[in-house]
>>> print(open('data-v1.pdb').read())   # PDB, N, CA and C atoms, pLDDT in the B column
ATOM      1  N   MET A   1      59.320  -3.645 -16.751  1.00 79.00           N
ATOM      2  CA  MET A   1      58.677  -2.416 -17.177  1.00 79.00           C
ATOM      3  C   MET A   1      59.506  -1.688 -18.234  1.00 79.00           C
ATOM      4  N   PHE A   2      60.823  -1.587 -18.031  1.00 91.00           N
ATOM      5  CA  PHE A   2      61.690  -0.902 -18.981  1.00 91.00           C
ATOM      6  C   PHE A   2      62.536  -1.925 -19.733  1.00 91.00           C
ATOM      7  N   LYS A   3      62.797  -1.651 -21.013  1.00 91.00           N
ATOM      8  CA  LYS A   3      63.564  -2.569 -21.845  1.00 91.00           C
ATOM      9  C   LYS A   3      64.693  -1.823 -22.554  1.00 91.00           C
ATOM     10  N   VAL A   4      65.794  -2.511 -22.816  1.00 93.00           N
ATOM     11  CA  VAL A   4      66.926  -1.923 -23.520  1.00 93.00           C
ATOM     12  C   VAL A   4      66.460  -1.390 -24.873  1.00 93.00           C
ATOM     13  N   GLY A   5      66.886  -0.158 -25.188  1.00 96.00           N
ATOM     14  CA  GLY A   5      66.523   0.487 -26.439  1.00 96.00           C
ATOM     15  C   GLY A   5      65.276   1.348 -26.350  1.00 96.00           C
ATOM     16  N   GLN A   6      64.559   1.258 -25.245  1.00 96.00           N
ATOM     17  CA  GLN A   6      63.314   2.006 -25.065  1.00 96.00           C
ATOM     18  C   GLN A   6      63.592   3.469 -24.766  1.00 96.00           C
ATOM     19  N   LYS A   7      62.837   4.380 -25.408  1.00 97.00           N
ATOM     20  CA  LYS A   7      62.892   5.803 -25.068  1.00 97.00           C
ATOM     21  C   LYS A   7      62.163   5.994 -23.749  1.00 97.00           C
ATOM     22  N   VAL A   8      62.744   6.812 -22.875  1.00 97.00           N
ATOM     23  CA  VAL A   8      62.135   7.094 -21.573  1.00 97.00           C
ATOM     24  C   VAL A   8      62.285   8.576 -21.272  1.00 97.00           C
ATOM     25  N   TRP A   9      61.517   9.034 -20.283  1.00 96.00           N
ATOM     26  CA  TRP A   9      61.564  10.432 -19.873  1.00 96.00           C
ATOM     27  C   TRP A   9      61.695  10.511 -18.362  1.00 96.00           C
ATOM     28  N   CYS A  10      62.621  11.340 -17.905  1.00 95.00           N
ATOM     29  CA  CYS A  10      62.875  11.534 -16.475  1.00 95.00           C
ATOM     30  C   CYS A  10      62.485  12.960 -16.101  1.00 95.00           C
ATOM     31  N   LEU A  11      61.866  13.097 -14.939  1.00 92.00           N
ATOM     32  CA  LEU A  11      61.488  14.431 -14.451  1.00 92.00           C
ATOM     33  C   LEU A  11      62.706  15.287 -14.136  1.00 92.00           C
ATOM     34  N   ILE A  12      63.866  14.658 -13.934  1.00 92.00           N
ATOM     35  CA  ILE A  12      65.082  15.398 -13.591  1.00 92.00           C
ATOM     36  C   ILE A  12      65.942  15.676 -14.827  1.00 92.00           C
ATOM     37  N   TYR A  13      66.159  14.648 -15.670  1.00 94.00           N
ATOM     38  CA  TYR A  13      67.127  14.747 -16.760  1.00 94.00           C
ATOM     39  C   TYR A  13      66.531  14.838 -18.163  1.00 94.00           C
ATOM     40  N   GLY A  14      65.234  14.649 -18.319  1.00 93.00           N
ATOM     41  CA  GLY A  14      64.614  14.748 -19.635  1.00 93.00           C
ATOM     42  C   GLY A  14      64.556  13.411 -20.362  1.00 93.00           C
ATOM     43  N   GLN A  15      64.711  13.454 -21.692  1.00 95.00           N
ATOM     44  CA  GLN A  15      64.571  12.257 -22.532  1.00 95.00           C
ATOM     45  C   GLN A  15      65.867  11.470 -22.604  1.00 95.00           C
ATOM     46  N   GLY A  16      65.737  10.151 -22.585  1.00 97.00           N
ATOM     47  CA  GLY A  16      66.893   9.283 -22.714  1.00 97.00           C
ATOM     48  C   GLY A  16      66.498   7.941 -23.298  1.00 97.00           C
ATOM     49  N   VAL A  17      67.468   7.027 -23.330  1.00 97.00           N
ATOM     50  CA  VAL A  17      67.252   5.681 -23.852  1.00 97.00           C
ATOM     51  C   VAL A  17      67.835   4.690 -22.859  1.00 97.00           C
ATOM     52  N   VAL A  18      67.085   3.624 -22.571  1.00 96.00           N
ATOM     53  CA  VAL A  18      67.569   2.575 -21.669  1.00 96.00           C
ATOM     54  C   VAL A  18      68.715   1.848 -22.372  1.00 96.00           C
ATOM     55  N   THR A  19      69.881   1.789 -21.730  1.00 95.00           N
ATOM     56  CA  THR A  19      71.044   1.131 -22.325  1.00 95.00           C
ATOM     57  C   THR A  19      71.336  -0.224 -21.700  1.00 95.00           C
ATOM     58  N   GLU A  20      70.805  -0.458 -20.510  1.00 83.00           N
ATOM     59  CA  GLU A  20      71.085  -1.718 -19.825  1.00 83.00           C
ATOM     60  C   GLU A  20      69.964  -2.031 -18.850  1.00 83.00           C
ATOM     61  N   GLU A  21      69.624  -3.303 -18.768  1.00 75.00           N
ATOM     62  CA  GLU A  21      68.668  -3.772 -17.770  1.00 75.00           C
ATOM     63  C   GLU A  21      69.272  -5.002 -17.118  1.00 75.00           C
ATOM     64  N   VAL A  22      69.639  -4.889 -15.856  1.00 69.00           N
ATOM     65  CA  VAL A  22      70.253  -5.991 -15.122  1.00 69.00           C
ATOM     66  C   VAL A  22      69.143  -6.800 -14.490  1.00 69.00           C
ATOM     67  N   ARG A  23      69.112  -8.083 -14.759  1.00 64.00           N
ATOM     68  CA  ARG A  23      68.012  -8.932 -14.290  1.00 64.00           C
ATOM     69  C   ARG A  23      68.216  -9.494 -12.886  1.00 64.00           C
ATOM     70  N   GLU A  24      69.456  -9.566 -12.406  1.00 61.00           N
ATOM     71  CA  GLU A  24      69.691 -10.132 -11.075  1.00 61.00           C
ATOM     72  C   GLU A  24      69.076  -9.260  -9.995  1.00 61.00           C
ATOM     73  N   LYS A  25      68.491  -9.871  -8.999  1.00 59.00           N
ATOM     74  CA  LYS A  25      67.879  -9.135  -7.889  1.00 59.00           C
ATOM     75  C   LYS A  25      68.756  -9.282  -6.648  1.00 59.00           C
ATOM     76  N   THR A  26      69.886  -8.609  -6.646  1.00 57.00           N
ATOM     77  CA  THR A  26      70.780  -8.611  -5.499  1.00 57.00           C
ATOM     78  C   THR A  26      70.875  -7.178  -4.981  1.00 57.00           C
ATOM     79  N   PRO A  27      71.237  -7.000  -3.729  1.00 57.00           N
ATOM     80  CA  PRO A  27      71.322  -5.629  -3.184  1.00 57.00           C
ATOM     81  C   PRO A  27      72.220  -4.709  -3.997  1.00 57.00           C
ATOM     82  N   SER A  28      73.323  -5.230  -4.536  1.00 54.00           N
ATOM     83  CA  SER A  28      74.236  -4.373  -5.298  1.00 54.00           C
ATOM     84  C   SER A  28      73.680  -4.014  -6.677  1.00 54.00           C
ATOM     85  N   LYS A  29      72.637  -4.709  -7.114  1.00 58.00           N
ATOM     86  CA  LYS A  29      72.043  -4.451  -8.422  1.00 58.00           C
ATOM     87  C   LYS A  29      70.649  -3.859  -8.296  1.00 58.00           C
ATOM     88  N   PHE A  30      70.358  -3.179  -7.179  1.00 76.00           N
ATOM     89  CA  PHE A  30      69.023  -2.634  -6.969  1.00 76.00           C
ATOM     90  C   PHE A  30      68.666  -1.580  -8.011  1.00 76.00           C
ATOM     91  N   TYR A  31      69.658  -0.784  -8.404  1.00 81.00           N
ATOM     92  CA  TYR A  31      69.441   0.216  -9.456  1.00 81.00           C
ATOM     93  C   TYR A  31      69.793  -0.461 -10.777  1.00 81.00           C
ATOM     94  N   ASN A  32      68.851  -1.209 -11.326  1.00 87.00           N
ATOM     95  CA  ASN A  32      69.154  -2.099 -12.437  1.00 87.00           C
ATOM     96  C   ASN A  32      68.753  -1.571 -13.817  1.00 87.00           C
ATOM     97  N   VAL A  33      68.230  -0.372 -13.917  1.00 92.00           N
ATOM     98  CA  VAL A  33      67.883   0.211 -15.213  1.00 92.00           C
ATOM     99  C   VAL A  33      68.824   1.391 -15.455  1.00 92.00           C
ATOM    100  N   VAL A  34      69.651   1.296 -16.499  1.00 93.00           N
ATOM    101  CA  VAL A  34      70.626   2.345 -16.811  1.00 93.00           C
ATOM    102  C   VAL A  34      70.146   3.093 -18.045  1.00 93.00           C
ATOM    103  N   VAL A  35      70.123   4.433 -17.942  1.00 95.00           N
ATOM    104  CA  VAL A  35      69.624   5.284 -19.019  1.00 95.00           C
ATOM    105  C   VAL A  35      70.718   6.248 -19.463  1.00 95.00           C
ATOM    106  N   ARG A  36      70.861   6.393 -20.786  1.00 96.00           N
ATOM    107  CA  ARG A  36      71.776   7.399 -21.353  1.00 96.00           C
ATOM    108  C   ARG A  36      70.922   8.561 -21.853  1.00 96.00           C
ATOM    109  N   PHE A  37      71.251   9.753 -21.373  1.00 96.00           N
ATOM    110  CA  PHE A  37      70.511  10.955 -21.756  1.00 96.00           C
ATOM    111  C   PHE A  37      71.221  11.686 -22.891  1.00 96.00           C
ATOM    112  N   THR A  38      70.560  12.693 -23.449  1.00 90.00           N
ATOM    113  CA  THR A  38      71.078  13.386 -24.627  1.00 90.00           C
ATOM    114  C   THR A  38      72.437  14.040 -24.373  1.00 90.00           C
ATOM    115  N   ASP A  39      72.757  14.358 -23.132  1.00 92.00           N
ATOM    116  CA  ASP A  39      74.066  14.950 -22.819  1.00 92.00           C
ATOM    117  C   ASP A  39      75.112  13.865 -22.525  1.00 92.00           C
ATOM    118  N   GLU A  40      74.788  12.599 -22.858  1.00 92.00           N
ATOM    119  CA  GLU A  40      75.655  11.424 -22.665  1.00 92.00           C
ATOM    120  C   GLU A  40      75.778  10.999 -21.203  1.00 92.00           C
ATOM    121  N   ARG A  41      75.036  11.622 -20.320  1.00 93.00           N
ATOM    122  CA  ARG A  41      75.029  11.252 -18.894  1.00 93.00           C
ATOM    123  C   ARG A  41      74.383   9.874 -18.747  1.00 93.00           C
ATOM    124  N   LEU A  42      74.984   9.007 -17.916  1.00 92.00           N
ATOM    125  CA  LEU A  42      74.404   7.708 -17.586  1.00 92.00           C
ATOM    126  C   LEU A  42      73.849   7.772 -16.171  1.00 92.00           C
ATOM    127  N   VAL A  43      72.582   7.370 -16.007  1.00 93.00           N
ATOM    128  CA  VAL A  43      71.928   7.409 -14.699  1.00 93.00           C
ATOM    129  C   VAL A  43      71.230   6.076 -14.472  1.00 93.00           C
ATOM    130  N   SER A  44      71.332   5.560 -13.242  1.00 92.00           N
ATOM    131  CA  SER A  44      70.694   4.286 -12.895  1.00 92.00           C
ATOM    132  C   SER A  44      69.434   4.517 -12.077  1.00 92.00           C
ATOM    133  N   TYR A  45      68.433   3.663 -12.311  1.00 93.00           N
ATOM    134  CA  TYR A  45      67.136   3.737 -11.636  1.00 93.00           C
ATOM    135  C   TYR A  45      66.749   2.349 -11.133  1.00 93.00           C
ATOM    136  N   THR A  46      65.809   2.331 -10.196  1.00 90.00           N
ATOM    137  CA  THR A  46      65.247   1.056  -9.777  1.00 90.00           C
ATOM    138  C   THR A  46      64.355   0.542 -10.906  1.00 90.00           C
ATOM    139  N   SER A  47      63.959  -0.716 -10.837  1.00 88.00           N
ATOM    140  CA  SER A  47      63.153  -1.302 -11.908  1.00 88.00           C
ATOM    141  C   SER A  47      61.784  -0.633 -12.045  1.00 88.00           C
ATOM    142  N   ASP A  48      61.331   0.057 -10.988  1.00 91.00           N
ATOM    143  CA  ASP A  48      60.050   0.767 -11.088  1.00 91.00           C
ATOM    144  C   ASP A  48      60.231   2.257 -11.386  1.00 91.00           C
ATOM    145  N   GLY A  49      61.465   2.701 -11.700  1.00 93.00           N
ATOM    146  CA  GLY A  49      61.698   4.062 -12.159  1.00 93.00           C
ATOM    147  C   GLY A  49      62.045   5.081 -11.098  1.00 93.00           C
ATOM    148  N   LYS A  50      62.531   4.628  -9.955  1.00 93.00           N
ATOM    149  CA  LYS A  50      62.913   5.573  -8.900  1.00 93.00           C
ATOM    150  C   LYS A  50      64.402   5.911  -8.993  1.00 93.00           C
ATOM    151  N   TYR A  51      64.714   7.188  -8.830  1.00 91.00           N
ATOM    152  CA  TYR A  51      66.098   7.669  -8.802  1.00 91.00           C
ATOM    153  C   TYR A  51      66.716   7.385  -7.439  1.00 91.00           C
ATOM    154  N   HIS A  52      65.908   7.491  -6.391  1.00 86.00           N
ATOM    155  CA  HIS A  52      66.302   7.139  -5.022  1.00 86.00           C
ATOM    156  C   HIS A  52      65.276   6.146  -4.509  1.00 86.00           C
ATOM    157  N   THR A  53      65.714   5.096  -3.839  1.00 80.00           N
ATOM    158  CA  THR A  53      64.783   4.050  -3.403  1.00 80.00           C
ATOM    159  C   THR A  53      63.687   4.593  -2.498  1.00 80.00           C
ATOM    160  N   GLU A  54      63.995   5.614  -1.706  1.00 82.00           N
ATOM    161  CA  GLU A  54      62.989   6.148  -0.778  1.00 82.00           C
ATOM    162  C   GLU A  54      62.174   7.282  -1.394  1.00 82.00           C
ATOM    163  N   GLY A  55      62.454   7.630  -2.648  1.00 87.00           N
ATOM    164  CA  GLY A  55      61.763   8.748  -3.284  1.00 87.00           C
ATOM    165  C   GLY A  55      60.615   8.322  -4.181  1.00 87.00           C
ATOM    166  N   ASN A  56      60.128   9.269  -4.946  1.00 91.00           N
ATOM    167  CA  ASN A  56      59.035   9.029  -5.887  1.00 91.00           C
ATOM    168  C   ASN A  56      59.587   8.547  -7.229  1.00 91.00           C
ATOM    169  N   VAL A  57      58.720   7.995  -8.042  1.00 92.00           N
ATOM    170  CA  VAL A  57      59.083   7.592  -9.396  1.00 92.00           C
ATOM    171  C   VAL A  57      59.423   8.844 -10.199  1.00 92.00           C
ATOM    172  N   THR A  58      60.558   8.827 -10.903  1.00 94.00           N
ATOM    173  CA  THR A  58      60.943   9.963 -11.748  1.00 94.00           C
ATOM    174  C   THR A  58      61.127   9.553 -13.201  1.00 94.00           C
ATOM    175  N   LEU A  59      61.172   8.237 -13.498  1.00 96.00           N
ATOM    176  CA  LEU A  59      61.396   7.750 -14.847  1.00 96.00           C
ATOM    177  C   LEU A  59      60.117   7.132 -15.396  1.00 96.00           C
ATOM    178  N   PHE A  60      59.752   7.546 -16.614  1.00 96.00           N
ATOM    179  CA  PHE A  60      58.493   7.107 -17.212  1.00 96.00           C
ATOM    180  C   PHE A  60      58.711   6.609 -18.637  1.00 96.00           C
ATOM    181  N   PRO A  61      57.858   5.691 -19.124  1.00 95.00           N
ATOM    182  CA  PRO A  61      57.966   5.186 -20.483  1.00 95.00           C
ATOM    183  C   PRO A  61      57.250   6.072 -21.505  1.00 95.00           C
ATOM    184  N   HIS A  62      56.846   7.246 -21.097  1.00 94.00           N
ATOM    185  CA  HIS A  62      56.119   8.168 -21.971  1.00 94.00           C
ATOM    186  C   HIS A  62      56.495   9.594 -21.584  1.00 94.00           C
ATOM    187  N   PRO A  63      56.329  10.550 -22.475  1.00 92.00           N
ATOM    188  CA  PRO A  63      56.633  11.944 -22.126  1.00 92.00           C
ATOM    189  C   PRO A  63      55.787  12.395 -20.938  1.00 92.00           C
ATOM    190  N   VAL A  64      56.367  13.209 -20.086  1.00 87.00           N
ATOM    191  CA  VAL A  64      55.653  13.732 -18.927  1.00 87.00           C
ATOM    192  C   VAL A  64      55.599  15.243 -18.992  1.00 87.00           C
ATOM    193  N   GLU A  65      54.528  15.789 -18.484  1.00 82.00           N
ATOM    194  CA  GLU A  65      54.362  17.236 -18.445  1.00 82.00           C
ATOM    195  C   GLU A  65      54.518  17.689 -16.999  1.00 82.00           C
ATOM    196  N   VAL A  66      55.402  18.622 -16.782  1.00 74.00           N
ATOM    197  CA  VAL A  66      55.602  19.169 -15.442  1.00 74.00           C
ATOM    198  C   VAL A  66      54.768  20.438 -15.322  1.00 74.00           C
ATOM    199  N   ILE A  67      53.910  20.448 -14.318  1.00 76.00           N
ATOM    200  CA  ILE A  67      53.030  21.605 -14.107  1.00 76.00           C
ATOM    201  C   ILE A  67      53.448  22.294 -12.819  1.00 76.00           C
ATOM    202  N   LYS A  68      53.765  23.561 -12.921  1.00 72.00           N
ATOM    203  CA  LYS A  68      54.197  24.330 -11.758  1.00 72.00           C
ATOM    204  C   LYS A  68      52.981  24.771 -10.972  1.00 72.00           C
ATOM    205  N   SER A  69      53.058  24.614  -9.649  1.00 70.00           N
ATOM    206  CA  SER A  69      51.968  25.031  -8.786  1.00 70.00           C
ATOM    207  C   SER A  69      51.880  26.561  -8.766  1.00 70.00           C
ATOM    208  N   ALA A  70      50.664  27.081  -8.695  1.00 65.00           N
ATOM    209  CA  ALA A  70      50.439  28.517  -8.659  1.00 65.00           C
ATOM    210  C   ALA A  70      50.672  29.092  -7.271  1.00 65.00           C
ATOM    211  N   ALA A  71      50.830  28.215  -6.284  1.00 62.00           N
ATOM    212  CA  ALA A  71      50.977  28.687  -4.903  1.00 62.00           C
ATOM    213  C   ALA A  71      52.325  29.277  -4.634  1.00 62.00           C
TER     214      ALA A  71
END
>>> encode(input="data-v1.pdb", output="structure tokens")
Amino acid sequence: MFKVGQKVWCLIYGQGVVTEEVREKTPSKFYNVVVRFTDERLVSYTSDGKYHTEGNVTLFPHPVEVIKSAA
């Protein structure tokens, strides 16, 4: 889904670029997509874009709009 050099958007950190994609499927490489953000922060994600394996997808291949609930 994600490729090295691709622009991506995270709901937590904003816009970044994929710097590494590890192809091995081993437990130690579960977070195999590494993204560098504009503040030079490096963050790893699962191959489907999750920041935490038990959480929701936070990384997308397109800009995302965050809408605040009125409640």
>>> closest_residue(input="data-v1.pdb", among="A:Gln15, A:Ser69, A:Gln6, A:Asn56", to="A:Glu40", atoms="only C-alpha atoms")
A:Gln15
>>> atom_distance(input="data-v1.pdb", atom1="atom CA of A:Glu20", atom2="atom C of A:Leu42")
10.5 Å
>>> resolve_selection(input="data-v1.pdb", expression="the PyMOL selection byres ((chain A and resi 8) around 6)", output="PyMOL selection string")
chain A and resi 6-7+9-10+14-18+60-62
>>> write_last_selection(input="data-v1.pdb", atoms="N, CA and C atoms", output="PDB file, in the frame of the given file")
ATOM      1  N   GLN A   6      64.559   1.258 -25.245  1.00 96.00           N
ATOM      2  CA  GLN A   6      63.314   2.006 -25.065  1.00 96.00           C
ATOM      3  C   GLN A   6      63.592   3.469 -24.766  1.00 96.00           C
ATOM      4  N   LYS A   7      62.837   4.380 -25.408  1.00 97.00           N
ATOM      5  CA  LYS A   7      62.892   5.803 -25.068  1.00 97.00           C
ATOM      6  C   LYS A   7      62.163   5.994 -23.749  1.00 97.00           C
ATOM      7  N   TRP A   9      61.517   9.034 -20.283  1.00 96.00           N
ATOM      8  CA  TRP A   9      61.564  10.432 -19.873  1.00 96.00           C
ATOM      9  C   TRP A   9      61.695  10.511 -18.362  1.00 96.00           C
ATOM     10  N   CYS A  10      62.621  11.340 -17.905  1.00 95.00           N
ATOM     11  CA  CYS A  10      62.875  11.534 -16.475  1.00 95.00           C
ATOM     12  C   CYS A  10      62.485  12.960 -16.101  1.00 95.00           C
ATOM     13  N   GLY A  14      65.234  14.649 -18.319  1.00 93.00           N
ATOM     14  CA  GLY A  14      64.614  14.748 -19.635  1.00 93.00           C
ATOM     15  C   GLY A  14      64.556  13.411 -20.362  1.00 93.00           C
ATOM     16  N   GLN A  15      64.711  13.454 -21.692  1.00 95.00           N
ATOM     17  CA  GLN A  15      64.571  12.257 -22.532  1.00 95.00           C
ATOM     18  C   GLN A  15      65.867  11.470 -22.604  1.00 95.00           C
ATOM     19  N   GLY A  16      65.737  10.151 -22.585  1.00 97.00           N
ATOM     20  CA  GLY A  16      66.893   9.283 -22.714  1.00 97.00           C
ATOM     21  C   GLY A  16      66.498   7.941 -23.298  1.00 97.00           C
ATOM     22  N   VAL A  17      67.468   7.027 -23.330  1.00 97.00           N
ATOM     23  CA  VAL A  17      67.252   5.681 -23.852  1.00 97.00           C
ATOM     24  C   VAL A  17      67.835   4.690 -22.859  1.00 97.00           C
ATOM     25  N   VAL A  18      67.085   3.624 -22.571  1.00 96.00           N
ATOM     26  CA  VAL A  18      67.569   2.575 -21.669  1.00 96.00           C
ATOM     27  C   VAL A  18      68.715   1.848 -22.372  1.00 96.00           C
ATOM     28  N   PHE A  60      59.752   7.546 -16.614  1.00 96.00           N
ATOM     29  CA  PHE A  60      58.493   7.107 -17.212  1.00 96.00           C
ATOM     30  C   PHE A  60      58.711   6.609 -18.637  1.00 96.00           C
ATOM     31  N   PRO A  61      57.858   5.691 -19.124  1.00 95.00           N
ATOM     32  CA  PRO A  61      57.966   5.186 -20.483  1.00 95.00           C
ATOM     33  C   PRO A  61      57.250   6.072 -21.505  1.00 95.00           C
ATOM     34  N   HIS A  62      56.846   7.246 -21.097  1.00 94.00           N
ATOM     35  CA  HIS A  62      56.119   8.168 -21.971  1.00 94.00           C
ATOM     36  C   HIS A  62      56.495   9.594 -21.584  1.00 94.00           C
TER      37      HIS A  62
END
>>> resolve_selection(input="data-v1.pdb", expression="the PyMOL selection byres ((chain A and resi 48) around 8)", output="number ranges by chain")
A: 1-2, 32-33, 45-47, 49-51, 56-60
>>> select_by_dssp(input="data-v1.pdb", residues="chain A", states="strand (DSSP E or B)", output="MDAnalysis selection string")
chainID A and resid 7:10 14:21 33:37 42:45 50 57 59:60
>>> atom_distance(input="data-v1.pdb", atom1="atom CA of A:His52", atom2="atom CA of A:Val64")
18.7 Å
>>> atom_distance(input="data-v1.pdb", atom1="atom N of A:Val43", atom2="atom CA of A:Val66")
20.7 Å
>>> axis_aligned_box(input="data-v1.pdb", around="stretch 5-13 of chain A", padding_each_side="5 Å", output="AutoDock Vina command-line options")
--center_x 64.3 --center_y 7.8 --center_z -20.0 --size_x 15.6 --size_y 25.8 --size_z 22.8
